[in-house]
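Trainee: Got a structure for you, entry26.pdb, holding PDB, C-alpha atoms, pLDDT in the B column.
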ATOM      1  CA  MET A   1      -0.779  14.596 -31.932  1.00 64.00           C
ATOM      2  CA  ALA A   2      -2.754  16.241 -29.145  1.00 90.00           C
ATOM      3  CA  VAL A   3      -3.141  16.625 -25.421  1.00 94.00           C
ATOM      4  CA  ARG A   4      -6.352  14.847 -24.454  1.00 96.00           C
ATOM      5  CA  LYS A   5      -8.721  15.400 -21.550  1.00 97.00           C
ATOM      6  CA  VAL A   6      -8.172  12.867 -18.749  1.00 98.00           C
ATOM      7  CA  LEU A   7     -11.355  11.172 -17.539  1.00 98.00           C
ATOM      8  CA  THR A   8     -11.887  11.223 -13.775  1.00 97.00           C
ATOM      9  CA  LEU A   9     -13.491   8.654 -11.517  1.00 95.00           C
ATOM     10  CA  LYS A  10     -16.111  11.101 -10.273  1.00 93.00           C
ATOM     11  CA  LYS A  11     -17.720  11.538 -13.711  1.00 96.00           C
ATOM     12  CA  HIS A  12     -16.590   8.467 -15.644  1.00 97.00           C
ATOM     13  CA  GLU A  13     -16.419   5.538 -13.207  1.00 96.00           C
ATOM     14  CA  LYS A  14     -18.363   3.129 -15.442  1.00 97.00           C
ATOM     15  CA  PHE A  15     -16.089   3.852 -18.416  1.00 98.00           C
ATOM     16  CA  LEU A  16     -12.887   3.566 -16.365  1.00 98.00           C
ATOM     17  CA  ARG A  17     -14.051   0.244 -14.911  1.00 97.00           C
ATOM     18  CA  THR A  18     -14.728  -1.299 -18.343  1.00 98.00           C
ATOM     19  CA  PRO A  19     -11.985  -3.644 -19.672  1.00 98.00           C
ATOM     20  CA  SER A  20     -10.309  -2.551 -22.909  1.00 98.00           C
ATOM     21  CA  GLU A  21     -10.185  -4.380 -26.238  1.00 98.00           C
ATOM     22  CA  PRO A  22      -6.961  -5.733 -27.771  1.00 98.00           C
ATOM     23  CA  VAL A  23      -5.445  -3.780 -30.654  1.00 98.00           C
ATOM     24  CA  LYS A  24      -5.821  -5.841 -33.834  1.00 97.00           C
ATOM     25  CA  LYS A  25      -3.504  -3.784 -36.011  1.00 96.00           C
ATOM     26  CA  VAL A  26      -1.050  -0.963 -35.282  1.00 97.00           C
ATOM     27  CA  ASN A  27      -2.451   1.408 -37.900  1.00 97.00           C
ATOM     28  CA  ARG A  28      -2.453   5.180 -38.231  1.00 97.00           C
ATOM     29  CA  GLU A  29      -5.275   5.552 -35.699  1.00 97.00           C
ATOM     30  CA  ILE A  30      -3.353   3.569 -33.060  1.00 98.00           C
ATOM     31  CA  LYS A  31      -0.137   5.481 -33.778  1.00 97.00           C
ATOM     32  CA  GLU A  32      -2.036   8.742 -33.244  1.00 97.00           C
ATOM     33  CA  LEU A  33      -3.422   7.349 -29.973  1.00 98.00           C
ATOM     34  CA  CYS A  34       0.136   6.502 -28.860  1.00 98.00           C
ATOM     35  CA  GLN A  35       1.288  10.053 -29.565  1.00 97.00           C
ATOM     36  CA  ASP A  36      -1.747  11.482 -27.742  1.00 98.00           C
ATOM     37  CA  ILE A  37      -0.800   9.390 -24.697  1.00 98.00           C
ATOM     38  CA  ILE A  38       2.794  10.671 -24.836  1.00 97.00           C
ATOM     39  CA  ASP A  39       1.611  14.289 -25.227  1.00 97.00           C
ATOM     40  CA  THR A  40      -0.923  14.000 -22.406  1.00 97.00           C
ATOM     41  CA  VAL A  41       1.628  12.424 -20.030  1.00 96.00           C
ATOM     42  CA  ALA A  42       4.035  15.285 -20.759  1.00 93.00           C
ATOM     43  CA  ASP A  43       1.361  17.965 -20.325  1.00 93.00           C
ATOM     44  CA  ASN A  44       0.356  16.556 -16.925  1.00 93.00           C
ATOM     45  CA  ALA A  45       3.920  15.793 -15.741  1.00 89.00           C
ATOM     46  CA  ALA A  46       2.593  12.275 -15.135  1.00 93.00           C
ATOM     47  CA  ILE A  47       4.406   8.947 -14.831  1.00 95.00           C
ATOM     48  CA  GLY A  48       1.990   6.983 -16.980  1.00 97.00           C
ATOM     49  CA  LEU A  49      -1.352   6.996 -18.733  1.00 98.00           C
ATOM     50  CA  ALA A  50      -3.583   4.308 -20.230  1.00 98.00           C
ATOM     51  CA  ALA A  51      -5.841   4.706 -23.273  1.00 98.00           C
ATOM     52  CA  PRO A  52      -9.109   4.315 -21.295  1.00 98.00           C
ATOM     53  CA  GLN A  53      -8.121   7.356 -19.224  1.00 98.00           C
ATOM     54  CA  ILE A  54      -8.461   9.462 -22.363  1.00 98.00           C
ATOM     55  CA  GLY A  55     -11.656   7.798 -23.528  1.00 98.00           C
ATOM     56  CA  VAL A  56     -10.375   4.932 -25.697  1.00 98.00           C
ATOM     57  CA  HIS A  57     -11.016   1.285 -24.749  1.00 98.00           C
ATOM     58  CA  LYS A  58      -7.871  -0.111 -26.372  1.00 98.00           C
ATOM     59  CA  ARG A  59      -5.087  -2.057 -24.656  1.00 98.00           C
ATOM     60  CA  VAL A  60      -2.452   0.674 -24.923  1.00 98.00           C
ATOM     61  CA  PHE A  61      -0.560   2.661 -22.328  1.00 98.00           C
ATOM     62  CA  GLY A  62       2.533   4.785 -21.936  1.00 98.00           C
ATOM     63  CA  VAL A  63       4.848   4.830 -18.929  1.00 97.00           C
ATOM     64  CA  ARG A  64       8.000   6.756 -18.029  1.00 96.00           C
ATOM     65  CA  LEU A  65      10.865   4.590 -16.820  1.00 95.00           C
ATOM     66  CA  ASN A  66      13.505   5.442 -14.194  1.00 91.00           C
ATOM     67  CA  TYR A  67      11.228   7.913 -12.404  1.00 86.00           C
ATOM     68  CA  LYS A  68      12.610   9.455  -9.235  1.00 80.00           C
ATOM     69  CA  GLU A  69      10.652  11.463  -6.684  1.00 76.00           C
ATOM     70  CA  ASP A  70      11.141  15.257  -6.930  1.00 75.00           C
ATOM     71  CA  GLN A  71      12.582  14.840 -10.426  1.00 72.00           C
ATOM     72  CA  PRO A  72      12.209  18.032 -12.526  1.00 75.00           C
ATOM     73  CA  ASP A  73       9.755  17.648 -15.420  1.00 72.00           C
ATOM     74  CA  GLU A  74      12.444  18.361 -18.014  1.00 73.00           C
ATOM     75  CA  GLU A  75      14.547  15.445 -16.726  1.00 78.00           C
ATOM     76  CA  MET A  76      11.734  12.889 -16.975  1.00 82.00           C
ATOM     77  CA  SER A  77      12.038  10.334 -19.758  1.00 87.00           C
ATOM     78  CA  THR A  78       9.690  10.100 -22.728  1.00 91.00           C
ATOM     79  CA  PRO A  79       7.088   7.389 -22.024  1.00 95.00           C
ATOM     80  CA  ILE A  80       7.555   4.014 -23.658  1.00 97.00           C
ATOM     81  CA  ILE A  81       4.399   2.707 -25.301  1.00 98.00           C
ATOM     82  CA  MET A  82       3.034  -0.758 -24.647  1.00 98.00           C
ATOM     83  CA  ILE A  83       0.355  -2.182 -26.954  1.00 98.00           C
ATOM     84  CA  ASN A  84      -1.424  -5.428 -25.991  1.00 98.00           C
ATOM     85  CA  PRO A  85       0.914  -5.942 -23.000  1.00 98.00           C
ATOM     86  CA  GLU A  86       0.894  -9.210 -21.106  1.00 98.00           C
ATOM     87  CA  PHE A  87       2.810 -10.460 -18.102  1.00 98.00           C
ATOM     88  CA  VAL A  88       5.152 -13.318 -18.985  1.00 97.00           C
ATOM     89  CA  GLU A  89       6.573 -13.631 -15.468  1.00 97.00           C
ATOM     90  CA  GLN A  90       5.976 -11.955 -12.099  1.00 96.00           C
ATOM     91  CA  SER A  91       8.033 -12.322  -8.946  1.00 95.00           C
ATOM     92  CA  ASP A  92       6.440 -13.879  -5.899  1.00 96.00           C
ATOM     93  CA  ASP A  93       7.739 -11.002  -3.776  1.00 96.00           C
ATOM     94  CA  ALA A  94       5.661  -7.854  -3.478  1.00 96.00           C
ATOM     95  CA  GLU A  95       6.468  -4.455  -2.020  1.00 96.00           C
ATOM     96  CA  ARG A  96       4.267  -1.832  -0.400  1.00 97.00           C
ATOM     97  CA  GLY A  97       4.466   1.569  -2.053  1.00 96.00           C
ATOM     98  CA  TYR A  98       2.329   4.450  -3.226  1.00 93.00           C
ATOM     99  CA  ASP A  99       0.004   4.732  -6.201  1.00 96.00           C
ATOM    100  CA  GLY A 100      -1.360   7.979  -7.576  1.00 95.00           C
ATOM    101  CA  CYS A 101      -3.591   8.442 -10.609  1.00 97.00           C
ATOM    102  CA  LEU A 102      -4.603  11.295 -12.912  1.00 97.00           C
ATOM    103  CA  SER A 103      -8.125   9.848 -12.926  1.00 98.00           C
ATOM    104  CA  ILE A 104      -8.320  10.097  -9.121  1.00 97.00           C
ATOM    105  CA  PRO A 105      -6.944  13.605  -8.579  1.00 95.00           C
ATOM    106  CA  GLY A 106      -5.925  14.856  -5.150  1.00 93.00           C
ATOM    107  CA  MET A 107      -5.481  11.400  -3.650  1.00 95.00           C
ATOM    108  CA  MET A 108      -2.906   8.619  -3.285  1.00 96.00           C
ATOM    109  CA  GLY A 109      -2.844   5.211  -1.694  1.00 97.00           C
ATOM    110  CA  TYR A 110      -0.489   2.483  -0.527  1.00 97.00           C
ATOM    111  CA  THR A 111      -0.679  -0.825  -2.380  1.00 98.00           C
ATOM    112  CA  ASP A 112       1.299  -4.043  -2.643  1.00 97.00           C
ATOM    113  CA  ARG A 113       2.826  -4.604  -6.091  1.00 98.00           C
ATOM    114  CA  LYS A 114       5.124  -7.271  -7.507  1.00 98.00           C
ATOM    115  CA  ILE A 115       8.813  -6.261  -7.412  1.00 97.00           C
ATOM    116  CA  LYS A 116       9.867  -7.799 -10.764  1.00 98.00           C
ATOM    117  CA  LEU A 117       8.069  -8.421 -14.050  1.00 97.00           C
ATOM    118  CA  LYS A 118       8.704  -9.684 -17.522  1.00 98.00           C
ATOM    119  CA  VAL A 119       6.329  -8.102 -20.047  1.00 98.00           C
ATOM    120  CA  ARG A 120       5.620  -8.979 -23.679  1.00 98.00           C
ATOM    121  CA  TYR A 121       4.123  -6.166 -25.769  1.00 98.00           C
ATOM    122  CA  GLN A 122       4.200  -4.320 -29.078  1.00 98.00           C
ATOM    123  CA  ASP A 123       5.786  -0.891 -29.319  1.00 97.00           C
ATOM    124  CA  GLU A 124       4.240   2.048 -31.181  1.00 96.00           C
ATOM    125  CA  THR A 125       5.589   0.733 -34.503  1.00 96.00           C
ATOM    126  CA  GLY A 126       3.973  -2.674 -33.940  1.00 96.00           C
ATOM    127  CA  LYS A 127       7.298  -4.425 -33.244  1.00 97.00           C
ATOM    128  CA  ARG A 128       7.105  -7.183 -30.610  1.00 97.00           C
ATOM    129  CA  GLN A 129       9.160  -6.630 -27.477  1.00 97.00           C
ATOM    130  CA  GLU A 130       9.877  -8.563 -24.288  1.00 98.00           C
ATOM    131  CA  ARG A 131      11.546  -6.801 -21.367  1.00 97.00           C
ATOM    132  CA  GLU A 132      12.109  -7.170 -17.660  1.00 98.00           C
ATOM    133  CA  PHE A 133      11.261  -4.406 -15.192  1.00 97.00           C
ATOM    134  CA  GLU A 134      11.737  -4.003 -11.472  1.00 96.00           C
ATOM    135  CA  GLY A 135      11.196  -1.572  -8.622  1.00 95.00           C
ATOM    136  CA  PHE A 136       9.151   1.537  -9.360  1.00 95.00           C
ATOM    137  CA  ASP A 137       9.105   0.776 -13.108  1.00 96.00           C
ATOM    138  CA  ALA A 138       7.381  -2.555 -12.346  1.00 98.00           C
ATOM    139  CA  ARG A 139       4.941  -0.770 -10.013  1.00 97.00           C
ATOM    140  CA  ALA A 140       4.014   1.821 -12.659  1.00 97.00           C
ATOM    141  CA  ILE A 141       3.504  -0.867 -15.318  1.00 98.00           C
ATOM    142  CA  GLN A 142       1.213  -2.875 -13.028  1.00 98.00           C
ATOM    143  CA  HIS A 143      -0.810   0.282 -12.332  1.00 98.00           C
ATOM    144  CA  GLU A 144      -1.286   0.958 -16.058  1.00 98.00           C
ATOM    145  CA  MET A 145      -2.045  -2.714 -16.815  1.00 98.00           C
ATOM    146  CA  ASP A 146      -4.802  -2.528 -14.216  1.00 98.00           C
ATOM    147  CA  HIS A 147      -6.389   0.358 -16.139  1.00 98.00           C
ATOM    148  CA  LEU A 148      -6.658  -1.874 -19.209  1.00 98.00           C
ATOM    149  CA  ASP A 149      -8.626  -4.367 -17.121  1.00 98.00           C
ATOM    150  CA  GLY A 150     -10.929  -1.751 -15.584  1.00 98.00           C
ATOM    151  CA  ILE A 151      -9.153  -1.911 -12.209  1.00 98.00           C
ATOM    152  CA  LEU A 152      -8.205   1.192 -10.203  1.00 97.00           C
ATOM    153  CA  TYR A 153      -5.624   1.409  -7.441  1.00 98.00           C
ATOM    154  CA  LEU A 154      -8.489   1.966  -4.993  1.00 97.00           C
ATOM    155  CA  ASP A 155      -9.367  -1.690  -5.627  1.00 97.00           C
ATOM    156  CA  ARG A 156      -5.872  -2.716  -4.499  1.00 97.00           C
ATOM    157  CA  LEU A 157      -6.021  -1.008  -1.081  1.00 97.00           C
ATOM    158  CA  LYS A 158      -6.202  -3.345   1.883  1.00 95.00           C
ATOM    159  CA  SER A 159      -8.423  -0.816   3.680  1.00 94.00           C
ATOM    160  CA  LEU A 160      -9.322   2.869   3.675  1.00 94.00           C
ATOM    161  CA  ASP A 161      -6.487   3.341   6.176  1.00 95.00           C
ATOM    162  CA  ASP A 162      -4.181   3.132   3.132  1.00 96.00           C
ATOM    163  CA  LEU A 163      -5.871   6.042   1.318  1.00 96.00           C
ATOM    164  CA  TYR A 164      -4.634   9.641   1.624  1.00 96.00           C
ATOM    165  CA  VAL A 165      -5.840  13.051   0.437  1.00 93.00           C
ATOM    166  CA  TYR A 166      -3.524  15.859  -0.622  1.00 91.00           C
ATOM    167  CA  VAL A 167      -4.335  19.045   1.290  1.00 86.00           C
ATOM    168  CA  TYR A 168      -2.716  22.456   1.639  1.00 82.00           C
ATOM    169  CA  ASP A 169      -1.532  23.596   5.035  1.00 78.00           C
ATOM    170  CA  GLU A 170      -1.489  27.224   6.253  1.00 80.00           C
ATOM    171  CA  GLU A 171       1.803  27.890   4.426  1.00 82.00           C
ATOM    172  CA  ASP A 172       0.521  26.531   1.085  1.00 81.00           C
ATOM    173  CA  ASN A 173       2.572  23.340   1.351  1.00 85.00           C
ATOM    174  CA  VAL A 174       0.925  20.118   0.200  1.00 85.00           C
ATOM    175  CA  GLU A 175       0.733  17.240   2.626  1.00 88.00           C
ATOM    176  CA  ALA A 176      -0.891  13.823   2.481  1.00 90.00           C
ATOM    177  CA  VAL A 177      -3.566  13.464   5.168  1.00 90.00           C
ATOM    178  CA  PRO A 178      -5.311  10.152   5.937  1.00 93.00           C
ATOM    179  CA  TYR A 179      -8.603   9.964   4.032  1.00 92.00           C
ATOM    180  CA  LEU A 180     -10.567   8.733   7.043  1.00 91.00           C
ATOM    181  CA  GLN A 181      -9.383  11.753   9.022  1.00 89.00           C
ATOM    182  CA  VAL A 182     -10.532  14.106   6.245  1.00 84.00           C
ATOM    183  CA  ILE A 183     -13.915  12.375   5.962  1.00 84.00           C
ATOM    184  CA  LYS A 184     -14.420  12.563   9.717  1.00 82.00           C
ATOM    185  CA  LYS A 185     -13.838  16.334   9.648  1.00 78.00           C
ATOM    186  CA  ALA A 186     -16.057  16.759   6.598  1.00 72.00           C
ATOM    187  CA  GLY A 187     -18.826  14.507   7.933  1.00 64.00           C
ATOM    188  CA  GLU A 188     -21.148  17.349   8.786  1.00 54.00           C
ATOM    189  CA  HIS A 189     -20.898  18.600   5.176  1.00 53.00           C
ATOM    190  CA  ASP A 190     -22.547  15.484   3.712  1.00 52.00           C
ATOM    191  CA  VAL A 191     -19.414  14.266   1.888  1.00 51.00           C
ATOM    192  CA  GLN A 192     -19.859  10.968   0.038  1.00 56.00           C
ATOM    193  CA  PRO A 193     -17.163   8.548   1.267  1.00 57.00           C
ATOM    194  CA  VAL A 194     -15.151   6.308  -1.032  1.00 62.00           C
ATOM    195  CA  THR A 195     -16.144   2.640  -1.071  1.00 59.00           C
ATOM    196  CA  LEU A 196     -13.661  -0.101  -1.875  1.00 62.00           C
ATOM    197  CA  ARG A 197     -14.323  -3.038  -4.176  1.00 63.00           C
ATOM    198  CA  GLN A 198     -12.102  -5.976  -4.970  1.00 56.00           C
ATOM    199  CA  PRO A 199     -11.044  -6.626  -8.585  1.00 55.00           C
TER     200      PRO A 199
END
Is it possible to give me this structure as structure tokens?

Mentor:
Amino acid sequence: MAVRKVLTLKKHEKFLRTPSEPVKKVNREIKELCQDIIDTVADNAAIGLAAPQIGVHKRVFGVRLNYKEDQPDEEMSTPIIMINPEFVEQSDDAERGYDGCLSIPGMMGYTDRKIKLKVRYQDETGKRQEREFEGFDARAIQHEMDHLDGILYLDRLKSLDDLYVYVYDEEDNVEAVPYLQVIKKAGEHDVQPVTLRQP
């Protein structure tokens, strides 16, 4: 229905850290929310987006499956919608990989996420679904599920050594630079460092 403004941690931390409410009925309002999530993901060339990131405390998110790094925007899949998702099963094995977030722009971090999941949810029509996911799809789903519980990927970092900032080099190429290195350089400019909290 519309591209919505994405809330950022800097201005909306309290809101983003508030758990969302279950959807009681998939009505017109929820269907419009689902379409807004799809539109906003597309507009931002994002992998996923949860309802609280656009100012709605409902347990709804959208996520693109089969994402590959350096994939052109036009080849990315339409997000699938998950309403009231819950984990049915999770593998014991976890894998270290990167997390990025529209609500924490200009940064990324390395987290441990479960490799395989089985998720029960409702789709945008209200139909109940149960599917298995693995690899990067499972990682993206866990990231979006965290948003519904008021958890950010920053809370999943083992230490600030796992946090990186995107910066431009002299040739206008983007590179990921360790956050602690950036903060050290910026120390004399009174930059407020990130603090970690456990979920």

Trainee: In Å to one decimal, how far is atom CA of A:Ile80 from atom CA of A:Ile30?

Mentor: 14.4 Å

Trainee: If I take atom CA of A:Asp112 and atom CA of A:Gly97, how far is one from the other in Å, to one decimal?

Mentor: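 We find that atom CA of A:Asp112 and atom CA of A:Gly97 lie 6.5 Å from each other.
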
Trainee: Tell me which protein, DNA and RNA residues are within 7 Å of A:Val167, counting only C-alpha atoms, leaving out same-chain ones fewer than 2 positions away, and put them as a PyMOL selection string.

Mentor: chain A and resi 165+169+174-177

Trainee: Generate the output file for the selected residues, C-alpha atoms, as a CSV table (one decimal), keeping the file's coordinate frame.

Mentor:
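Result went into again_39.csv, see below:
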chain,number,residue,atom,x,y,z
A,165,VAL,CA,-5.8,13.1,0.4
A,169,ASP,CA,-1.5,23.6,5.0
A,174,VAL,CA,0.9,20.1,0.2
A,175,GLU,CA,0.7,17.2,2.6
A,176,ALA,CA,-0.9,13.8,2.5
A,177,VAL,CA,-3.6,13.5,5.2

Trainee: Name the residues that the PyMOL selection byres ((chain A and resi 23) around 7) picks from the file above, as a ChimeraX atom specification, using the file's chain letters and numbers.

Mentor: /A:21-22,24-26,58-59,84

Trainee: With distances taken over all atoms listed in the file, which residue among A:Pro105, A:Phe136, A:Ile115, A:Leu180 lies nearest A:Asp161?

Mentor: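 Between A:Pro105, A:Phe136, A:Ile115, A:Leu180, the residue approaching A:Asp161 most closely is A:Leu180.
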
Trainee: Under the PyMOL selection byres ((chain A and resi 3-20) around 10), which residues of this model are included? Write them out as a ChimeraX atom specification.

Mentor: /A:1-2,21-23,33,35-44,49-60,84,101-105,146-152,199

Trainee: With distances taken over only C-alpha atoms, which residue among A:Asp70, A:Asp155, A:Glu29, A:Glu89 lies nearest A:His143?

Mentor: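 Of the candidates, the smallest distance to A:His143 is held by A:Asp155.
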
Trainee: Can you turn the PyMOL selection byres ((chain A and resi 118-131) around 7) into a concrete residue list for this file, as a list in words?

Mentor: Val26, Lys31, Cys34, Ile81, Met82, Ile83, Asn84, Pro85, Glu86, Phe87, Val88, Glu89, Gln90, Leu117, Glu132 and Phe133 of chain A

Trainee: One number please: atom CA of A:Gly106 to atom CA of A:Glu32, in Å, one decimal.

Mentor: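 One can read the atom CA of A:Gly106 to atom CA of A:Glu32 distance as 29.0 Å.
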
Trainee: List every protein, DNA or RNA residue that has at least one atom no more than 10 Å from (4.6, -5.3, -5.5) in the file's coordinates, counting all atoms listed in the file, and write the result as a PyMOL selection string.

Mentor: chain A and resi 90-97+111-117+134-136+138-139+142

Trainee: Show me, as AutoDock Vina command-line options, the centre and edge lengths in Å to one decimal of the axis-aligned box that covers every listed atom of stretch 108-127 of chain A with 3 Å on each side.

Mentor:
--center_x 3.5 --center_y -0.5 --center_z -17.5 --size_x 18.8 --size_y 24.3 --size_z 40.0

Trainee: Using all atoms listed in the file, find the one residue out of A:Gly109, A:Glu69, A:Tyr164, A:Arg64 that sits nearest to A:Gln181.

Mentor: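 Result for the nearest residue to A:Gln181: A:Tyr164.
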
Trainee: Which is closer to A:Asp137 than all the others in A:Lys68, A:Phe61, A:Pro178, A:Ala46, using all atoms listed in the file?

Mentor: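 Using all atoms listed in the file, A:Asp137 sits closest to A:Lys68.
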
Trainee: Let me make sure I understand: among A:Asn173, A:Leu163, A:Glu144, A:Tyr110, which one has the smallest atom-to-atom distance to A:Val63 if we use all atoms listed in the file?

Mentor: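 Under the stated criterion, the closest residue is A:Glu144.
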